[in-house]
Structure formats: C-alpha cells, structure tokens
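S.K.: Data file entry32.tsv (TSV, C-alpha atoms) is appended below.
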chain	number	residue	atom	x	y	z
A	1	MET	CA	-8.72	0.75	0.99
A	2	LEU	CA	-5.72	-1.57	1.30
A	3	VAL	CA	-2.56	-0.98	-0.72
A	4	ARG	CA	0.80	-2.67	-1.15
A	5	LEU	CA	3.92	-0.61	-1.78
A	6	LEU	CA	7.29	-2.12	-2.65
A	7	TYR	CA	10.34	0.12	-2.63
A	8	ALA	CA	14.12	-0.12	-2.68
A	9	SER	CA	16.81	2.08	-1.17
A	10	ARG	CA	20.50	2.12	-0.38
A	11	ALA	CA	21.88	2.80	3.07
A	12	VAL	CA	24.09	5.88	3.36
A	13	GLU	CA	26.19	4.27	6.12
A	14	PRO	CA	27.29	0.63	6.36
A	15	LEU	CA	24.65	-1.61	7.92
A	16	SER	CA	25.48	-3.38	11.14
A	17	PRO	CA	23.29	-6.07	12.71
A	18	GLU	CA	22.45	-3.54	15.43
A	19	VAL	CA	21.16	-1.02	12.88
A	20	ILE	CA	18.95	-3.69	11.29
A	21	ASP	CA	17.68	-4.74	14.73
A	22	ASP	CA	16.84	-1.10	15.56
A	23	ILE	CA	14.93	-0.66	12.29
A	24	LEU	CA	12.95	-3.85	12.88
A	25	ALA	CA	12.23	-3.03	16.53
A	26	SER	CA	10.95	0.40	15.57
A	27	SER	CA	8.78	-1.07	12.79
A	28	ARG	CA	7.39	-3.79	15.01
A	29	LYS	CA	6.55	-1.23	17.68
A	30	GLY	CA	4.95	1.41	15.45
A	31	ASN	CA	3.36	-0.56	12.63
A	32	PRO	CA	0.53	-2.28	14.56
A	33	ALA	CA	-1.02	1.06	15.61
A	34	SER	CA	-0.96	2.17	11.96
A	35	GLY	CA	-2.26	-1.15	10.65
A	36	ILE	CA	0.88	-1.73	8.60
A	37	THR	CA	2.35	-5.15	7.87
A	38	GLY	CA	5.24	-6.09	5.63
A	39	LEU	CA	8.65	-7.51	4.98
A	40	LEU	CA	12.16	-6.05	4.93
A	41	CYS	CA	14.87	-7.64	2.79
A	42	HIS	CA	18.45	-6.48	3.03
A	43	SER	CA	21.82	-7.43	1.65
A	44	GLY	CA	24.93	-5.30	1.76
A	45	ASP	CA	23.77	-1.69	1.65
A	46	ILE	CA	20.51	-2.42	-0.19
A	47	PHE	CA	17.04	-2.53	1.31
A	48	MET	CA	13.91	-3.78	-0.36
A	49	GLN	CA	10.73	-3.45	1.66
A	50	VAL	CA	7.07	-4.16	1.09
A	51	LEU	CA	4.47	-2.28	3.12
A	52	GLU	CA	0.78	-3.20	3.30
A	53	GLY	CA	-2.06	-1.34	4.95
A	54	GLY	CA	-4.42	1.56	4.46
A	55	ARG	CA	-3.48	3.95	1.67
A	56	ASP	CA	-2.96	6.95	3.97
A	57	ALA	CA	-0.89	5.01	6.53
A	58	VAL	CA	1.34	3.37	3.88
A	59	SER	CA	1.83	6.67	2.06
A	60	ALA	CA	2.74	8.49	5.28
A	61	LEU	CA	5.26	5.80	6.26
A	62	TYR	CA	6.80	5.71	2.80
A	63	ASN	CA	7.17	9.50	2.81
A	64	ARG	CA	8.98	9.33	6.18
A	65	ILE	CA	11.28	6.61	4.83
A	66	ALA	CA	11.97	8.50	1.58
A	67	SER	CA	12.94	11.65	3.49
A	68	ASP	CA	15.08	9.79	6.05
A	69	PRO	CA	18.72	10.89	5.54
A	70	ARG	CA	19.93	7.35	6.28
A	71	HIS	CA	18.56	6.28	2.85
A	72	ARG	CA	19.49	7.27	-0.68
A	73	ASP	CA	18.29	6.19	-4.13
A	74	VAL	CA	14.78	5.52	-2.78
A	75	ILE	CA	12.51	4.27	-5.57
A	76	ILE	CA	9.04	2.75	-5.72
A	77	LEU	CA	9.19	-0.62	-7.46
A	78	GLN	CA	5.48	-1.42	-7.29
A	79	TYR	CA	2.32	0.12	-5.87
A	80	GLU	CA	-1.12	-1.44	-6.08
A	81	GLU	CA	-4.53	-1.57	-4.49
A	82	ILE	CA	-5.10	-5.00	-2.96
A	83	THR	CA	-8.11	-6.98	-1.77
A	84	GLU	CA	-6.16	-8.81	0.92
A	85	ARG	CA	-2.77	-8.69	2.58
A	86	ARG	CA	-0.05	-11.13	1.56
A	87	PHE	CA	2.17	-10.22	4.54
A	88	ALA	CA	-0.52	-10.04	7.23
A	89	GLY	CA	1.40	-12.35	9.56
A	90	TRP	CA	4.25	-9.89	10.11
A	91	THR	CA	4.33	-6.47	11.71
A	92	MET	CA	7.67	-6.50	9.89
A	93	GLY	CA	9.26	-9.75	8.73
A	94	GLN	CA	12.94	-9.89	7.87
A	95	VAL	CA	15.05	-11.60	5.23
A	96	ASN	CA	18.82	-11.29	5.27
A	97	LEU	CA	19.52	-12.30	1.69
A	98	SER	CA	23.17	-13.00	2.43
A	99	ARG	CA	21.83	-16.11	4.21
A	100	VAL	CA	19.52	-17.25	1.41
A	101	ASN	CA	20.51	-19.97	-1.05
A	102	PRO	CA	22.00	-18.16	-4.09
A	103	SER	CA	19.96	-20.35	-6.45
A	104	ILE	CA	16.79	-18.56	-5.30
A	105	MET	CA	18.32	-15.23	-6.25
A	106	LEU	CA	19.54	-16.57	-9.61
A	107	LYS	CA	16.01	-17.65	-10.43
A	108	TYR	CA	14.98	-13.97	-10.49
A	109	SER	CA	18.06	-12.03	-11.56
A	110	GLU	CA	21.25	-12.17	-13.60
A	111	ARG	CA	23.47	-12.53	-10.54
A	112	PRO	CA	22.90	-14.12	-7.11
A	113	VAL	CA	22.69	-10.74	-5.33
A	114	LEU	CA	19.87	-8.43	-4.33
A	115	ASP	CA	19.66	-5.69	-6.94
A	116	PRO	CA	16.10	-4.39	-7.17
A	117	TYR	CA	17.39	-1.55	-9.36
A	118	SER	CA	18.02	-3.97	-12.22
A	119	ILE	CA	14.81	-6.03	-12.09
A	120	SER	CA	11.16	-5.08	-12.33
A	121	GLY	CA	8.85	-4.59	-9.40
A	122	LYS	CA	6.87	-7.61	-10.57
A	123	VAL	CA	10.01	-9.78	-10.45
A	124	SER	CA	10.94	-8.35	-7.04
A	125	MET	CA	7.49	-9.26	-5.70
A	126	ALA	CA	7.82	-12.78	-7.14
A	127	LEU	CA	11.10	-13.12	-5.23
A	128	LEU	CA	9.35	-12.10	-2.00
A	129	GLU	CA	6.58	-14.62	-2.67
A	130	GLU	CA	9.18	-17.35	-3.09
A	131	LEU	CA	10.89	-16.34	0.14
A	132	ILE	CA	7.56	-16.79	1.94
A	133	VAL	CA	7.02	-20.23	0.39
A	134	THR	CA	10.56	-21.39	1.17
A	135	ALA	CA	10.32	-20.14	4.78
A	136	CYS	CA	13.26	-17.75	4.50
A	137	ILE	CA	11.51	-15.10	6.60
A	138	ALA	CA	12.60	-14.48	10.18
A	139	SER	CA	10.15	-12.63	12.33
A	140	ARG	CA	8.10	-12.36	15.39
A	141	PRO	CA	4.55	-12.99	14.17
A	142	ASN	CA	1.81	-10.54	15.17
What do you get writing this file as structure tokens?

M.R.:
Amino acid sequence: MLVRLLYASRAVEPLSPEVIDDILASSRKGNPASGITGLLCHSGDIFMQVLEGGRDAVSALYNRIASDPRHRDVIILQYEEITERRFAGWTMGQVNLSRVNPSIMLKYSERPVLDPYSISGKVSMALLEELIVTACIASRPN
C-alpha cells in the first residue's frame, strides 16, 4: 500500500548550504532502496517534506526523522493512502523557498514566508503542487 506523509520541522542549528546538501545526498542515496520518493522544502530554519512510498518504509523513515536531535517541533501535516505517487520523479527533490517568487507563497498564506505551522496540511500540499507546476523544484531525477 502506498502512502504520502507531509511533515514540518524546525532545525535546531542554523542551516548552511552544506547541511542541506548532506541531507539531500543522504536521502538520494538511501531512498531508492526503500522505495521512497519525495520533496524537501526549506526556508530559514523550517523544513517541510513530503515522503511517498510503502506504509512501513515511510513510517520507519518518519520515525527516524522525528527522533533526530537536529529537528524540533516535528509535526505531521497530512497523511493519506494514495493510489499513485505525485513525486515519483524524485528520490528527493528540493525547493529553497527563499528563491521562489513571493507571490506564490502569498497565494497560500498570510505572509510570503514558509510557515507550515500556520496553514493546513491541505494548503501545504497545494503549495507543493504549485511548485511542481511552476518548475521550482531542483533535483536529480531518478
């Protein structure tokens, strides 16, 4: 059974480009063996990530992330069973929202910043869908 899990977290330490690169490299290395695809959005100290794959694999990865001491305020925004993947083209795509046109952010929130703690999971997923359509995702395809 395929599932999609969307979560948000805050970084405990400031995020450098090298830290982001390490996270993405690790995801892109480990996710294919687990059958996980997804997308990581980040801005400032906030992460928002969607994971897709088998229920057991996604749950195991989320549990590792939630217990990682580099994260705090980890919350599930949305979890659902799915019939097909929306992010199948990425072992882990990336969106640095500080480089996205602020009008896209304003379409989905009160301010032009990433704050998944103040919007619903449904709205957060709509934002991700728009980022796909507007080609704001940087990645190395599978």

S.K.: Between A:Ile76, A:Val19, A:Cys41, A:Ala57, which has the minimum distance to Tyr7 of chain A (counting only C-alpha atoms)?

M.R.: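 Ranking A:Ile76, A:Val19, A:Cys41, A:Ala57 by distance to Tyr7 of chain A, first place goes to A:Ile76.
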
S.K.: With 12 Å as the threshold, what does the neighbourhood of (6.7, -8.3, -8.2) contain in terms of residues, counting only C-alpha atoms? Coordinates are those of the file; answer as number ranges by chain.

M.R.: A: 4-7, 48-50, 76-80, 108, 116, 119-130

S.K.: Quick one: residues within 12 Å of Leu106 of chain A, only C-alpha atoms, excluding same-chain residues fewer than 5 positions away - as a PyMOL selection string?

M.R.: chain A and resi 100-101+111-115+119+123+127

S.K.: Please determine the residues with any atom at most 12 Å from (-7.3, -3.6, -9.2) (coordinates as given in the file, with only C-alpha atoms counting) and report them as a PDB file with C-alpha atoms, keeping the file's coordinate frame.

M.R.:
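Ended up saving to selection_11.pdb:
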ATOM      1  CA  MET A   1      -8.720   0.750   0.990  1.00  0.00           C
ATOM      2  CA  LEU A   2      -5.720  -1.570   1.300  1.00  0.00           C
ATOM      3  CA  VAL A   3      -2.560  -0.980  -0.720  1.00  0.00           C
ATOM      4  CA  ARG A   4       0.800  -2.670  -1.150  1.00  0.00           C
ATOM      5  CA  TYR A  79       2.320   0.120  -5.870  1.00  0.00           C
ATOM      6  CA  GLU A  80      -1.120  -1.440  -6.080  1.00  0.00           C
ATOM      7  CA  GLU A  81      -4.530  -1.570  -4.490  1.00  0.00           C
ATOM      8  CA  ILE A  82      -5.100  -5.000  -2.960  1.00  0.00           C
ATOM      9  CA  THR A  83      -8.110  -6.980  -1.770  1.00  0.00           C
ATOM     10  CA  GLU A  84      -6.160  -8.810   0.920  1.00  0.00           C
TER      11      GLU A  84
END

S.K.: Interatomic distance between atom CA of Arg70 of chain A and atom CA of Ala25 of chain A?

M.R.: 16.5 Å

S.K.: List every residue of segment 43-137 of chain A that has an atom at most 9 Å from any atom of segment 29-34 of chain A, giving for each one its closest atom pair and the distance in Å to one decimal, counting only C-alpha atoms, sorted by chain and then by ascending residue number, as JSON lines.

M.R.:
{"residue": "A:Gly53", "atom": "CA", "partner": "A:Ser34", "partner_atom": "CA", "distance": 7.9}
{"residue": "A:Gly54", "atom": "CA", "partner": "A:Ser34", "partner_atom": "CA", "distance": 8.3}
{"residue": "A:Ala57", "atom": "CA", "partner": "A:Ser34", "partner_atom": "CA", "distance": 6.1}
{"residue": "A:Val58", "atom": "CA", "partner": "A:Ser34", "partner_atom": "CA", "distance": 8.5}
{"residue": "A:Thr91", "atom": "CA", "partner": "A:Asn31", "partner_atom": "CA", "distance": 6.1}
{"residue": "A:Met92", "atom": "CA", "partner": "A:Asn31", "partner_atom": "CA", "distance": 7.8}

S.K.: Rounded to one decimal in Å, what is the spacing between atom CA of Glu52 of chain A and atom CA of Phe87 of chain A?

M.R.: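 Interatomic distance here is 7.3 Å.
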
S.K.: Can you report as JSON the centre and edge lengths in Å, to one decimal, of an axis-aligned box around the listed atoms of segment 80-84 of chain A padded with 6 Å on each side?

M.R.:
{"center_x": -4.6, "center_y": -5.1, "center_z": -2.6, "size_x": 19.0, "size_y": 19.4, "size_z": 19.0}

S.K.: State, in Å with one decimal place, the distance from atom CA of Ser59 of chain A to atom CA of Asp73 of chain A.

M.R.: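 A separation of 17.6 Å between them.
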
S.K.: Nearest to Ser16 of chain A among A:Thr37, A:Thr134, A:Ser43, A:Asn63, with distances taken over all atoms listed in the file: which residue is it?

M.R.: A:Ser43

S.K.: Restricting the calculation to all atoms listed in the file, which member of A:Ala66, A:Ser98, A:Val12, A:Arg55 is positioned closest to Gly35 of chain A?

M.R.: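 Answer, going by the shortest atom-to-atom distance: A:Arg55.
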
S.K.: Would you mind telling me which residue in A:Glu110, A:Ala88, A:Pro17, A:Leu97 lies nearest to Ile36 of chain A when using only C-alpha atoms?

M.R.: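 Closest candidate: A:Ala88.
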
S.K.: Which of these, A:Asp22, A:Asp45, A:Asp56, A:Asp68, has the shortest distance to Asn96 of chain A once you count all atoms listed in the file?

M.R.: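 Comparing A:Asp22, A:Asp45, A:Asp56, A:Asp68 against Asn96 of chain A, the winner is A:Asp45.
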